[in-house]
Amino acid sequence: MRTPRLRLTRALAVGVAAGLVLAGCGGGSDDSSGGTSSSVSQADIDKAMQTPTELTFWSWVPNIDKEIALFEKKYPAINVKLVNAGQGEPQYTKLRTALKAGSGAPDVVQIEFQYIPTFTITGDLLDLRPYGAEALKDQFVDWTWGQVTGTNGEVWAIPQDTGPMGMLYRQDIFDKYGIKPPTTWDEFAAAARTLHAADPNVYLTNLASNQNGAWMGLLWQAGARPFKTNGDQISISVNDETSKKLGAYWGGLAKEGVISTDADFTDQWYQGLNRGKYATWLTAAWGPVFLSTSAKDTSGKWRAAPLPQWTAGAQEAGNWGGSTSAVVKTTKNPIAAAKFAEFLNTDPESTMLFATEQFLFPATKTVLSNPTFSDQKPAFYGGQQVNQIFAGISDTVATDFQWPPFLDQTVNDWDETVGKSLADKTDTVAALDQWQQRITTYAKNQGFKVE
Amino acid sequence: MSTVTTAVPRRQRAASRRAAAGYLFVAPFLVVFVAMLVVPLAYAGYLSLFREQLIGGTTFAGLDNYTRALSDDRLLGGVARVGAFFAIQVPLMLALALFFALALDSGALWLSRVLRLGIFVPYAVPSVVAALMWGYLYGPDFGPIAQLFDKVGWAAPNLLGSDLMLGSLANVVTWEFTGYNMIILYAALRAIPTELYEAAAVDGAGAWRIAWSIKIPALRPALLLTLIFSVIGSFQLFNEPQLLQRLAPNVIDSAYTPNLYAYSLAFTSQDVNYAAAVSFLLGAVIVAVSYTVQLAANRRRS
């Protein structure tokens with residue numbers, strides 16, 4: 001997810017998107033960091049929250065100072081210093097450097113779901129159980145809690161926003177060529193061929209050859225569970241049967257030339273969305289708002305639907321994106337830091353503000369079912385209740401998807417094997433084997449026992 | 001005798017005072033040099049002898065990282081690529097720079113000051129801006145070059161495709177650095193004593209003959225300097241491919257140039273130790289090539 005984030009940053013700079021956070025997904029897995037958690041007493045918490053304290057918070061969410069202000073109003077003794085250390089990868093690089101140097105790390109940090117294991121493997125995050133985090137579980141959509149939970153039940157972070165995947169499509173293009181919104185991947189492939197035959201300048205979709213995040217979301221939907229980590233044991237299977245089914249499907253469509261594989265969040269891609277080169281965008285729940293700000297010319301022409309399914313009638317989805325707030329282990333004020341992470345993502349006012357001010361897709365059940373949020377009828381989607389559709393999709397995301405403890409490397413290797421095969425129209429199934437081999441070699445070099 | 005015995009210590013004292021003053025003068029440089037170059041370099045060398053794993057922590061690895069690098073296909077591929085880049089781009093760029101320098105020096109050009117500035121200006125553009133600008137010009141669908149081809153009715157070449165990428169990069173680098181090299185050569189030309197030209201004129205030499213027999217031989221040290229700068233620049237190619245990588249992520253991979261590879265090893269693979277070893281080896285390659293170039297040039301002169 002390194003490159004897409006950079007691209008999005010650029011997109012934001014250009015001014016196409018105001019308050020969108022493209023993020024990934026994430027799994028909880030780590031070697032244990034100690035035994036059972038001993039709780040901190042309420043008296044200790046009260047005392048800590050009344051002691052004058054300064055917390056440093058790294059986040060790239062635009063205007064997040066509004067949510068911080070709510071916290072500071074409730075706890076006047078605590079002063080939160082906000083730092084924007086970059087979006088995604090640049091921030092992680094700085095965080096790692098600060099952690100290695102032993103100074104300069106924040107107390108609380110924004111981390112995307114998929115990066116949590118990358119930071120817990122190095123023991124850099126604080127288990128939030130002693131600070132009452134386990135009690136928050138029921139407020140969150142099940143799979144998001146699965147993503148922040150470690151193998152021994154640790155709570156590594158509090159979910160902030162999510163990206164369950166769906167399909168945005170151009171109603172006008174579908175109508176013009178008599179295509180019905182596909183509900184299965186078979187129908188989708190047939191529609192791709194029909195559409196491209198009818199108009200060679202239009203592709204049913206663009207599967208970006210640099211977008212590992214979308215690929216992982218599709219893997220997630222297909223039922224693949226490519227990574228499982230337990231301490232120093234790791235199992236990697238990015239080329240199992242399910243993955244190969246996905247590889248053959250998308251690689252086949254790319255080879256036929258009936259879908260495009262342009263790099264996303266580039267000028268070319270924005271132009272493609274604006275000029276009707278792509279008839280669908282397989283995207284996450286943050287996609288609808290993002291699209292409405294970056295393809296303004298196409299307002300009213302788009303609609304939303306769940307992803308096509310592998311089995312007719314099934315309801316499966318994957319996730320692409322979303323962030324959490326995590327507490328860094330080196331913090332000197334663990335109680336205040338943990339409570340800040342909790343407040344930000346559970347306080348009713350704060351969570352609602354995220355949904356309406358920054359347009360983050362909610363992780364809490366309350367906001368998802370709040371009519372103010374779910375009943376919105378954006379004109380860009382012809383008045384369709386897009387949030388409600390994605391809220392429904394969110395319930396169909398499987399809870400047990402895990403991420404590797406070295407995500408940067410995994411993504412980089414994907415770009416250079418699977419992504420490259422899509423762009424070059426070469427054998428994607430063979431590329432999956434190369435991907436598997438490169439990650440395995442890396443894991444072994446890093447001292448993991450690979451199954 | 002007594003005069004001699006007293007004179008010696010006095011002279012020594014004076015000498016040591018002078019020496020102290022000398023050290024004082026170089027101290028600012030020395031401090032920065034040691035703190036910013038020698039210490040980090042030594043630390044990188046130290047790091048390259050270890051191996052840090054996510055599981056298992058740090059262990060002493062001796063020269064393992066170096067032997068691994070020497071048989072690393074991705075690194076060797078990158079070195080070969082920048083080697084090819086050097087062999088093609090540098091002669092072209094220096095020939096252009098030489099041509100412009102001679103043309104400006106000939107005095108036959110109208111508006112030579114404006115031209116001189118114009119050729120030099122790209123060097124003043126930060127390479128990041130230059131790469132972004134060219135990236136836009138190269139754009140396969142909506143870039144001006146592609147649109148021009150489209151207007152004429154020809155198929156536009158994919159300047160960001162894997163076949164043409166190295167050429168596209170060479171074009172950016174040439175555009176950026178021709179002016180810089182031209183200024184070095186032009187300055188060297190201005191330093192040639194005018195008596196030589198007068199003597200040549202008396203001998204009946206024309207402008208071409210003067211350029212060939214006087215100017216170019218006199219430029220040899222300056223050319224050597226620009227050549228060595230170019231060796232270093234080529235082998236350390238980083239900014240331009242790194243920025244174009246975003247536009248063509250499947251063409252420029254993380255090992256496209258050795259510097260990109262070292263960067264990716266350190267920050268993506270979190271393998272700082274191996275990245276340090278790769279950087280040291282790259283440094284060794286640059287020293288070796290620079291030395292070979294210098295040696296070859298000197299041999300020809302003698």
# chains A, B, ... in the order shown; residues from 1 in each chain; ligands from 1

$ residues_around --residues "A:Asn274" --least-positions-apart "6" --cutoff "7 Å" --atoms "only C-alpha atoms" --output "PyMOL selection string"
chain A and resi 295+297-298

$ write_last_selection --atoms "N, CA and C atoms" --output "PDB file, in the first residue's frame"
ATOM      1  N   ALA A 295     -14.364  13.019  -9.693  1.00  0.00           N
ATOM      2  CA  ALA A 295     -14.931  12.859 -11.041  1.00  0.00           C
ATOM      3  C   ALA A 295     -16.240  13.639 -11.115  1.00  0.00           C
ATOM      4  N   ASP A 297     -17.547  15.667 -13.072  1.00  0.00           N
ATOM      5  CA  ASP A 297     -18.275  15.753 -14.344  1.00  0.00           C
ATOM      6  C   ASP A 297     -19.285  14.633 -14.524  1.00  0.00           C
ATOM      7  N   THR A 298     -19.094  13.541 -13.785  1.00  0.00           N
ATOM      8  CA  THR A 298     -19.941  12.377 -14.022  1.00  0.00           C
ATOM      9  C   THR A 298     -21.057  12.276 -12.990  1.00  0.00           C
TER      10      THR A 298
END

$ interface_residues --of "chain B" --to "chain A" --cutoff "8 Å" --atoms "only C-alpha atoms" --output "list in words"
Glu52, Gln53, Leu54, Ile55, Gly56, Gly139, Asp141, Phe142, Arg246, Leu247, Ala248, Pro249, Asn250, Val251, Asp253, Ser254, Phe267, Thr268 and Ser269 of chain B

$ write_last_selection --atoms "N, CA and C atoms" --output "short mmCIF file (atom, residue, chain, number, x, y, z; two decimals), in the first residue's frame"
data_model
loop_
_atom_site.label_atom_id
_atom_site.label_comp_id
_atom_site.auth_asym_id
_atom_site.auth_seq_id
_atom_site.Cartn_x
_atom_site.Cartn_y
_atom_site.Cartn_z
N GLU B 52 20.37 -8.15 10.92
CA GLU B 52 19.29 -8.00 11.87
C GLU B 52 18.04 -8.65 11.31
N GLN B 53 17.45 -9.50 12.10
CA GLN B 53 16.25 -10.21 11.64
C GLN B 53 15.06 -9.83 12.51
N LEU B 54 13.87 -9.91 11.92
CA LEU B 54 12.66 -9.65 12.70
C LEU B 54 12.55 -10.67 13.83
N ILE B 55 12.93 -11.91 13.51
CA ILE B 55 12.96 -12.95 14.53
C ILE B 55 14.42 -13.29 14.76
N GLY B 56 14.91 -13.13 15.96
CA GLY B 56 16.29 -13.53 16.23
C GLY B 56 17.23 -12.37 16.49
N GLY B 139 3.28 11.31 -20.70
CA GLY B 139 2.02 10.60 -20.42
C GLY B 139 1.45 9.88 -21.63
N ASP B 141 -1.55 8.58 -22.47
CA ASP B 141 -2.88 8.87 -23.02
C ASP B 141 -3.08 10.35 -23.29
N PHE B 142 -2.71 11.16 -22.30
CA PHE B 142 -3.09 12.57 -22.38
C PHE B 142 -1.88 13.50 -22.39
N ARG B 246 6.27 6.21 -9.98
CA ARG B 246 4.85 6.37 -9.64
C ARG B 246 3.99 6.32 -10.89
N LEU B 247 4.54 6.76 -12.02
CA LEU B 247 3.76 6.78 -13.24
C LEU B 247 3.82 5.44 -13.95
N ALA B 248 4.91 4.71 -13.72
CA ALA B 248 5.07 3.43 -14.41
C ALA B 248 5.56 2.40 -13.40
N PRO B 249 4.71 2.08 -12.43
CA PRO B 249 5.16 1.22 -11.32
C PRO B 249 5.57 -0.17 -11.77
N ASN B 250 5.07 -0.63 -12.92
CA ASN B 250 5.41 -1.98 -13.32
C ASN B 250 6.62 -2.02 -14.25
N VAL B 251 7.11 -0.84 -14.63
CA VAL B 251 8.30 -0.80 -15.47
C VAL B 251 9.53 -0.58 -14.60
N ASP B 253 11.05 -1.14 -11.33
CA ASP B 253 10.83 -1.88 -10.09
C ASP B 253 11.80 -1.38 -9.02
N SER B 254 11.76 -2.02 -7.88
CA SER B 254 12.51 -1.49 -6.75
C SER B 254 14.02 -1.69 -6.91
N PHE B 267 14.26 0.71 3.52
CA PHE B 267 12.99 1.24 4.01
C PHE B 267 11.79 0.34 3.75
N THR B 268 11.87 -0.53 2.75
CA THR B 268 10.76 -1.44 2.51
C THR B 268 11.04 -2.79 3.16
N SER B 269 12.23 -3.30 2.93
CA SER B 269 12.55 -4.62 3.46
C SER B 269 13.08 -4.54 4.88
#

$ residues_around --residues "stretch 107-117 of chain B" --least-positions-apart "3" --cutoff "10 Å" --atoms "only C-alpha atoms" --output "ChimeraX atom specification"
/B:100-104,120-122,179,182-183,186

$ select_by_dssp --residues "stretch 37-279 of chain B" --states "alpha helix (DSSP H)" --output "ChimeraX atom specification"
/B:39-47,64-70,73-105,112-124,127-138,144-152,165-190,194-202,207-210,216-218,220-235,239-244,258-267,272-279

$ residues_around --residues "stretch 208-216 of chain B" --least-positions-apart "2" --cutoff "12 Å" --atoms "only C-alpha atoms" --output "ChimeraX atom specification"
/B:95,98-99,101-103,105-106,185-206,218-224

$ write_last_selection --atoms "C-alpha atoms" --output "CSV table (one decimal), in the first residue's frame"
chain,number,residue,atom,x,y,z
B,95,ALA,CA,29.2,16.0,-26.9
B,98,LEU,CA,31.1,20.6,-25.9
B,99,PHE,CA,29.3,21.6,-29.0
B,101,ALA,CA,30.5,25.5,-25.3
B,102,LEU,CA,32.5,25.8,-28.5
B,103,ALA,CA,29.6,27.5,-30.3
B,105,ASP,CA,33.0,30.6,-27.3
B,106,SER,CA,33.3,31.2,-31.1
B,185,LEU,CA,33.7,23.6,-20.5
B,186,TYR,CA,33.0,27.2,-21.4
B,187,ALA,CA,34.8,28.5,-18.3
B,188,ALA,CA,37.8,26.3,-19.3
B,189,LEU,CA,37.7,27.8,-22.8
B,190,ARG,CA,37.8,31.3,-21.5
B,191,ALA,CA,41.0,30.5,-19.6
B,192,ILE,CA,43.0,29.6,-22.7
B,193,PRO,CA,45.6,32.3,-23.3
B,194,THR,CA,44.7,34.4,-26.3
B,195,GLU,CA,48.4,34.3,-27.5
B,196,LEU,CA,47.7,30.7,-28.7
B,197,TYR,CA,44.9,31.8,-30.9
B,198,GLU,CA,47.1,34.6,-32.3
B,199,ALA,CA,49.9,32.2,-33.0
B,200,ALA,CA,47.5,29.8,-34.7
B,201,ALA,CA,46.0,32.7,-36.8
B,202,VAL,CA,49.6,33.7,-37.8
B,203,ASP,CA,50.1,30.0,-38.9
B,204,GLY,CA,47.0,30.3,-41.0
B,205,ALA,CA,44.6,28.1,-39.0
B,206,GLY,CA,40.9,28.6,-39.5
B,218,ALA,CA,43.2,22.4,-23.8
B,219,LEU,CA,39.8,21.3,-22.6
B,220,ARG,CA,41.0,17.8,-21.7
B,221,PRO,CA,41.3,18.3,-18.0
B,222,ALA,CA,37.8,19.9,-17.9
B,223,LEU,CA,36.4,17.1,-20.0
B,224,LEU,CA,37.9,14.6,-17.6

$ atom_distance --atom1 "atom CA of B:Leu166" --atom2 "atom CA of B:Gly135"
13.1 Å

$ residues_around --residues "A:Ser59" --least-positions-apart "4" --cutoff "8 Å" --atoms "only C-alpha atoms" --output "PyMOL selection string"
chain A and resi 64+82-87+109-110
